[in-house]
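Here's the structure we're looking at; comments come further down.
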Amino acid sequence: MKNTRTFFITGVSSGFGRAIANAALHAGHRVVGTVRSEQAAAEFKTQAGPEAHVKLLDVTQFDAVAPLAAAVEAEHGPVDVVINNAGYGHEGILEESSLDEMRRQFDVNVFGAVAVMKAFLPFMRQRRRGHIVNITSMGGYITMPGISYYCGSKFALEGISETLAQEVKGLGIAVTAVAPGSFRTDWAGRSMVRSARSIHDYDSLFDPIRQSRVDKSGKQLGDPDKAAAAILALVDMPQPPQHLLLGSDALGLVRAKLDAMQASLTRHEALTRSTDIA
């Protein structure tokens, strides 16, 4: 088939990963997906079809990533599109959340994604082609109380993605950070890790936010299958953007954040300029 590609997608057991894999397979592409358990691997193989291949990988096992990438390239040929989808959300007031929880959040959402990028970049650089898509979040632009570790990880991945895009643009490799808004995945449900409450001073601020998130889980505006279609359209672009928002809620919230930032920059411009050497 013309323009058939090989996709490497982390975290295909559910959510965006499964939706993207299904869309790519339906379009005639080959997919190599990663999961963390034998049971998830068996389910993916059964449901996905002959052009779907599955590998066991925990992206926090950093030393295992590069050998796996080399094995995939050897077994299935050149990987055209790498999609870093594996990740999860941590919810908790910063003062109540342990540093170990923060390390785990960054290990999965940031260091795991970077390990995958570094593993495939030598192959893409040698071929002078490829596209890396990092699934971030509107939480990489905006914040709200109770998800500081999650937002921090997604801000980090946004910045890393943009910097890498500049580094590899001249080598024929594209990098796009895709930031979804609220979608009907398990992010706010079984996939979310929640720190226990312990400090009553935060009750009036955070308890309604936590309850609202639980109540809205499964009722979000975004459709994962439509997100997958958008990502297939993205990788077909001859000049893909470095950043792409998905969802009207993300668009509205990020635009409001940018407007507020612009107003703040203007309001404090004199103080900002006051530090220059005269």
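Here, A, B, ... name the chains of the structure tokens in the order displayed, residue numbers run from 1 inside each chain, and ligands are numbered from 1 in the same displayed order.
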Counting only C-alpha atoms, which residues in region 101-154 of chain A sit no more than 10 Å from region 75-78 of chain A? For each one, give the nearest pair of atoms and the distance in Å, sorted by chain then residue number, as CSV.
residue,atom,partner,partner_atom,distance
A:Phe120,CA,A:Pro78,CA,9.8
A:Phe123,CA,A:Pro78,CA,7.7
A:Met124,CA,A:Pro78,CA,8.2
A:Arg127,CA,A:Pro78,CA,8.7
A:Arg129,CA,A:Pro78,CA,10.0
A:Gly130,CA,A:Pro78,CA,9.2
* To do: Determine, counting only C-alpha atoms, which protein, DNA and RNA residues have an atom within 12 Å of an atom of Thr163 (chain A); residues of the same chain fewer than 4 positions away are not included. Present the result as a list of chain:residue names.
  =>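 Counting only C-alpha atoms, the residues come to A:Ala156, A:Leu157, A:Glu158, A:Gly159, A:Glu167, A:Val168, A:Lys169, A:Ala174, A:Val175, A:Thr176, A:Ala177, A:Gln242, A:His243.
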What does the file look like for those residues with N, CA and C atoms, as a PDB file, in the first residue's frame?
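Generated output (part_32.pdb):
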ATOM      1  N   ALA A 156       7.530  19.666  31.190  1.00  0.00           N
ATOM      2  CA  ALA A 156       8.874  19.211  30.845  1.00  0.00           C
ATOM      3  C   ALA A 156       8.896  18.553  29.471  1.00  0.00           C
ATOM      4  N   LEU A 157       7.935  17.675  29.195  1.00  0.00           N
ATOM      5  CA  LEU A 157       7.919  16.972  27.911  1.00  0.00           C
ATOM      6  C   LEU A 157       7.636  17.927  26.762  1.00  0.00           C
ATOM      7  N   GLU A 158       6.803  18.946  26.997  1.00  0.00           N
ATOM      8  CA  GLU A 158       6.585  19.969  25.969  1.00  0.00           C
ATOM      9  C   GLU A 158       7.905  20.668  25.629  1.00  0.00           C
ATOM     10  N   GLY A 159       8.652  21.077  26.649  1.00  0.00           N
ATOM     11  CA  GLY A 159       9.905  21.783  26.413  1.00  0.00           C
ATOM     12  C   GLY A 159      10.952  20.913  25.743  1.00  0.00           C
ATOM     13  N   GLU A 167      16.622  20.648  17.109  1.00  0.00           N
ATOM     14  CA  GLU A 167      17.892  19.954  16.913  1.00  0.00           C
ATOM     15  C   GLU A 167      17.874  19.038  15.692  1.00  0.00           C
ATOM     16  N   VAL A 168      16.731  18.425  15.388  1.00  0.00           N
ATOM     17  CA  VAL A 168      16.699  17.401  14.338  1.00  0.00           C
ATOM     18  C   VAL A 168      15.993  17.855  13.067  1.00  0.00           C
ATOM     19  N   LYS A 169      15.522  19.097  13.050  1.00  0.00           N
ATOM     20  CA  LYS A 169      14.798  19.568  11.871  1.00  0.00           C
ATOM     21  C   LYS A 169      15.636  19.446  10.606  1.00  0.00           C
ATOM     22  N   ALA A 174      10.876  15.007  12.145  1.00  0.00           N
ATOM     23  CA  ALA A 174       9.890  15.914  12.740  1.00  0.00           C
ATOM     24  C   ALA A 174       9.578  15.463  14.162  1.00  0.00           C
ATOM     25  N   VAL A 175       9.292  16.426  15.032  1.00  0.00           N
ATOM     26  CA  VAL A 175       8.880  16.146  16.399  1.00  0.00           C
ATOM     27  C   VAL A 175       7.655  17.000  16.708  1.00  0.00           C
ATOM     28  N   THR A 176       6.593  16.369  17.173  1.00  0.00           N
ATOM     29  CA  THR A 176       5.375  17.091  17.528  1.00  0.00           C
ATOM     30  C   THR A 176       4.934  16.707  18.929  1.00  0.00           C
ATOM     31  N   ALA A 177       4.673  17.704  19.742  1.00  0.00           N
ATOM     32  CA  ALA A 177       4.058  17.491  21.059  1.00  0.00           C
ATOM     33  C   ALA A 177       2.555  17.670  20.895  1.00  0.00           C
ATOM     34  N   GLN A 242       5.122  21.741  15.453  1.00  0.00           N
ATOM     35  CA  GLN A 242       5.839  21.290  16.643  1.00  0.00           C
ATOM     36  C   GLN A 242       4.884  21.071  17.813  1.00  0.00           C
ATOM     37  N   HIS A 243       3.749  21.755  17.806  1.00  0.00           N
ATOM     38  CA  HIS A 243       2.756  21.633  18.874  1.00  0.00           C
ATOM     39  C   HIS A 243       1.369  21.493  18.257  1.00  0.00           C
TER      40      HIS A 243
END
* Taking the chain letters and numbering used in this document, name the residues of region 75-185 of chain A that DSSP puts in alpha helix (DSSP H), as a PyMOL selection string. => chain A and resi 75-76+99-106+112-127+148-168
May I have the selected residues written with N, CA and C atoms, as a short mmCIF file (atom, residue, chain, number, x, y, z; two decimals), in the first residue's frame?
data_model
loop_
_atom_site.label_atom_id
_atom_site.label_comp_id
_atom_site.auth_asym_id
_atom_site.auth_seq_id
_atom_site.Cartn_x
_atom_site.Cartn_y
_atom_site.Cartn_z
N GLU A 75 13.57 -6.71 13.28
CA GLU A 75 12.49 -7.65 12.99
C GLU A 75 11.45 -7.09 12.02
N HIS A 76 11.18 -5.79 12.13
CA HIS A 76 10.04 -5.22 11.41
C HIS A 76 10.42 -4.13 10.42
N LEU A 99 7.95 12.73 47.55
CA LEU A 99 8.93 12.85 46.47
C LEU A 99 9.03 11.57 45.67
N ASP A 100 8.81 10.43 46.30
CA ASP A 100 8.81 9.16 45.56
C ASP A 100 7.70 9.15 44.51
N GLU A 101 6.54 9.72 44.86
CA GLU A 101 5.45 9.81 43.88
C GLU A 101 5.83 10.73 42.72
N MET A 102 6.54 11.79 43.03
CA MET A 102 6.99 12.69 41.96
C MET A 102 8.01 12.00 41.05
N ARG A 103 8.94 11.26 41.66
CA ARG A 103 9.94 10.55 40.85
C ARG A 103 9.27 9.56 39.92
N ARG A 104 8.29 8.84 40.43
CA ARG A 104 7.59 7.86 39.60
C ARG A 104 6.87 8.57 38.44
N GLN A 105 6.24 9.70 38.74
CA GLN A 105 5.53 10.44 37.69
C GLN A 105 6.49 10.88 36.60
N PHE A 106 7.64 11.40 36.98
CA PHE A 106 8.61 11.86 35.98
C PHE A 106 9.31 10.68 35.29
N GLY A 112 10.95 8.07 30.67
CA GLY A 112 10.61 6.96 29.79
C GLY A 112 10.46 7.41 28.35
N ALA A 113 9.78 8.54 28.15
CA ALA A 113 9.61 9.08 26.80
C ALA A 113 10.95 9.46 26.20
N VAL A 114 11.82 10.07 26.98
CA VAL A 114 13.15 10.45 26.48
C VAL A 114 13.96 9.22 26.12
N ALA A 115 13.88 8.17 26.93
CA ALA A 115 14.60 6.94 26.63
C ALA A 115 14.17 6.36 25.28
N VAL A 116 12.86 6.40 25.01
CA VAL A 116 12.36 5.90 23.72
C VAL A 116 12.86 6.77 22.57
N MET A 117 12.81 8.09 22.74
CA MET A 117 13.31 8.98 21.69
C MET A 117 14.78 8.70 21.40
N LYS A 118 15.58 8.63 22.45
CA LYS A 118 17.02 8.41 22.27
C LYS A 118 17.30 7.06 21.62
N ALA A 119 16.44 6.07 21.86
CA ALA A 119 16.65 4.75 21.29
C ALA A 119 16.41 4.72 19.78
N PHE A 120 15.43 5.49 19.30
CA PHE A 120 15.09 5.46 17.87
C PHE A 120 15.78 6.55 17.06
N LEU A 121 16.25 7.59 17.71
CA LEU A 121 16.87 8.68 16.96
C LEU A 121 18.05 8.24 16.09
N PRO A 122 18.95 7.37 16.54
CA PRO A 122 20.06 6.99 15.65
C PRO A 122 19.60 6.38 14.33
N PHE A 123 18.53 5.58 14.38
CA PHE A 123 18.02 4.96 13.16
C PHE A 123 17.38 6.02 12.26
N MET A 124 16.59 6.90 12.84
CA MET A 124 15.95 7.95 12.05
C MET A 124 16.98 8.91 11.48
N ARG A 125 17.98 9.22 12.27
CA ARG A 125 19.03 10.15 11.81
C ARG A 125 19.79 9.55 10.64
N GLN A 126 20.08 8.27 10.71
CA GLN A 126 20.79 7.61 9.62
C GLN A 126 19.97 7.63 8.34
N ARG A 127 18.65 7.46 8.47
CA ARG A 127 17.78 7.44 7.29
C ARG A 127 17.37 8.84 6.83
N SER A 148 0.11 19.06 40.44
CA SER A 148 1.38 19.73 40.19
C SER A 148 2.42 18.79 39.59
N TYR A 149 2.49 17.55 40.08
CA TYR A 149 3.48 16.61 39.54
C TYR A 149 3.16 16.27 38.09
N TYR A 150 1.88 16.05 37.82
CA TYR A 150 1.48 15.73 36.44
C TYR A 150 1.77 16.90 35.51
N CYS A 151 1.33 18.10 35.89
CA CYS A 151 1.58 19.27 35.03
C CYS A 151 3.08 19.49 34.85
N GLY A 152 3.84 19.33 35.93
CA GLY A 152 5.28 19.50 35.82
C GLY A 152 5.88 18.55 34.81
N SER A 153 5.42 17.30 34.80
CA SER A 153 5.95 16.32 33.85
C SER A 153 5.58 16.68 32.42
N LYS A 154 4.38 17.19 32.23
CA LYS A 154 3.94 17.52 30.87
C LYS A 154 4.56 18.84 30.39
N PHE A 155 4.75 19.81 31.28
CA PHE A 155 5.52 21.00 30.91
C PHE A 155 6.91 20.59 30.46
N ALA A 156 7.53 19.67 31.19
CA ALA A 156 8.87 19.21 30.85
C ALA A 156 8.90 18.55 29.47
N LEU A 157 7.93 17.68 29.19
CA LEU A 157 7.92 16.97 27.91
C LEU A 157 7.64 17.93 26.76
N GLU A 158 6.80 18.95 27.00
CA GLU A 158 6.59 19.97 25.97
C GLU A 158 7.91 20.67 25.63
N GLY A 159 8.65 21.08 26.65
CA GLY A 159 9.91 21.78 26.41
C GLY A 159 10.95 20.91 25.74
N ILE A 160 11.05 19.66 26.19
CA ILE A 160 12.00 18.73 25.58
C ILE A 160 11.64 18.49 24.12
N SER A 161 10.36 18.32 23.83
CA SER A 161 9.92 18.07 22.46
C SER A 161 10.26 19.23 21.55
N GLU A 162 9.99 20.45 22.01
CA GLU A 162 10.26 21.63 21.18
C GLU A 162 11.75 21.79 20.92
N THR A 163 12.56 21.56 21.94
CA THR A 163 14.01 21.67 21.77
C THR A 163 14.52 20.61 20.80
N LEU A 164 14.06 19.37 20.98
CA LEU A 164 14.50 18.31 20.07
C LEU A 164 14.07 18.61 18.64
N ALA A 165 12.89 19.15 18.46
CA ALA A 165 12.42 19.50 17.11
C ALA A 165 13.40 20.44 16.42
N GLN A 166 13.95 21.38 17.17
CA GLN A 166 14.93 22.30 16.59
C GLN A 166 16.24 21.59 16.27
N GLU A 167 16.62 20.65 17.11
CA GLU A 167 17.89 19.95 16.91
C GLU A 167 17.87 19.04 15.69
N VAL A 168 16.73 18.42 15.39
CA VAL A 168 16.70 17.40 14.34
C VAL A 168 15.99 17.85 13.07
#
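Of note, CA of Ala23 (chain A) and CA of Val82 (chain A) are spaced 14.8 Å apart.
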* **Which of A:Thr185, A:Val54, A:Ile209, A:Ala27 sits closest to Ser14 (chain A) [using only C-alpha atoms]** =>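 Distance minimum relative to Ser14 (chain A) lands on A:Thr185.
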* Find the residues around region 191-206 of chain A up to 7 Å (only C-alpha atoms counted), leave out those fewer than 2 positions away in its own chain, and share them as a ChimeraX atom specification. => /A:88-92,96-97,145-146,186-189,208-210
* To do: Mind giving me the straight-line distance from CA of Asp236 (chain A) to CA of His131 (chain A) in Å, one decimal?
  => 10.0 Å
* Exercise: Leu258 (chain A) partners within 9 Å, only C-alpha atoms, chain neighbours under 5 positions left out, as a list in words -> Tyr141, Leu253 and Ala263 of chain A
For the selection you just gave me, I'd like the residues written to a file as a compact mmCIF listing (two decimals), in the first residue's frame, keeping C-alpha atoms.
# COMPACT_ATOMS: atom_id res chain seq x y z
CA TYR A 141 0.26 24.63 29.25
CA LEU A 253 -8.17 27.11 28.17
CA ALA A 263 -1.58 40.97 29.86
* Asked: Between CA of Thr143 (chain A) and CA of Asp259 (chain A), what is the distance, to one decimal in Å?
  ->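 Taking CA of Thr143 (chain A) and CA of Asp259 (chain A), their separation equals 14.8 Å.
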* Those in region 38-175 of chain A with strand (DSSP E) from DSSP, as a PyMOL selection string -> chain A and resi 52-56+81-84+90-91+130-135+173-175
Produce a file of the selected residues containing C-alpha atoms, as a tab-separated table (two decimals), in the first residue's frame.
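Saved to selection13.tsv:
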chain	number	residue	atom	x	y	z
A	52	ALA	CA	-0.09	-5.72	14.85
A	53	HIS	CA	2.95	-6.76	16.85
A	54	VAL	CA	3.38	-6.43	20.57
A	55	LYS	CA	6.40	-6.10	22.86
A	56	LEU	CA	6.59	-6.19	26.63
A	81	VAL	CA	6.59	7.04	13.44
A	82	VAL	CA	7.33	6.80	17.16
A	83	ILE	CA	4.43	7.72	19.44
A	84	ASN	CA	5.25	8.19	23.12
A	90	HIS	CA	-0.84	11.72	39.58
A	91	GLU	CA	-3.34	13.70	41.62
A	130	GLY	CA	11.00	9.96	10.80
A	131	HIS	CA	8.39	11.53	13.02
A	132	ILE	CA	8.30	11.49	16.81
A	133	VAL	CA	4.94	12.28	18.42
A	134	ASN	CA	4.91	12.88	22.16
A	135	ILE	CA	1.52	12.79	23.84
A	173	ILE	CA	13.07	14.27	11.46
A	174	ALA	CA	9.89	15.91	12.74
A	175	VAL	CA	8.88	16.15	16.40
* Which residues, written as a ChimeraX atom specification, have at least one atom at most 7 Å from Leu57 (chain A), with only C-alpha atoms counted and residues fewer than 2 positions away on the same chain left out? -> /A:34-36,55,59
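All residues of protein, DNA or RNA that reach within 10 Å of Leu221 (chain A), judged by only C-alpha atoms and not counting those fewer than 5 positions away in the chain, are Gly181, Ser182, Phe183, Arg184, Lys216, Gly247, Ser248 and Asp249 of chain A.
Nearest residue to Ile142 (chain A), choosing from A:Ala278, A:Val214, A:Lys257, A:Arg273 and counting only C-alpha atoms: A:Lys257.
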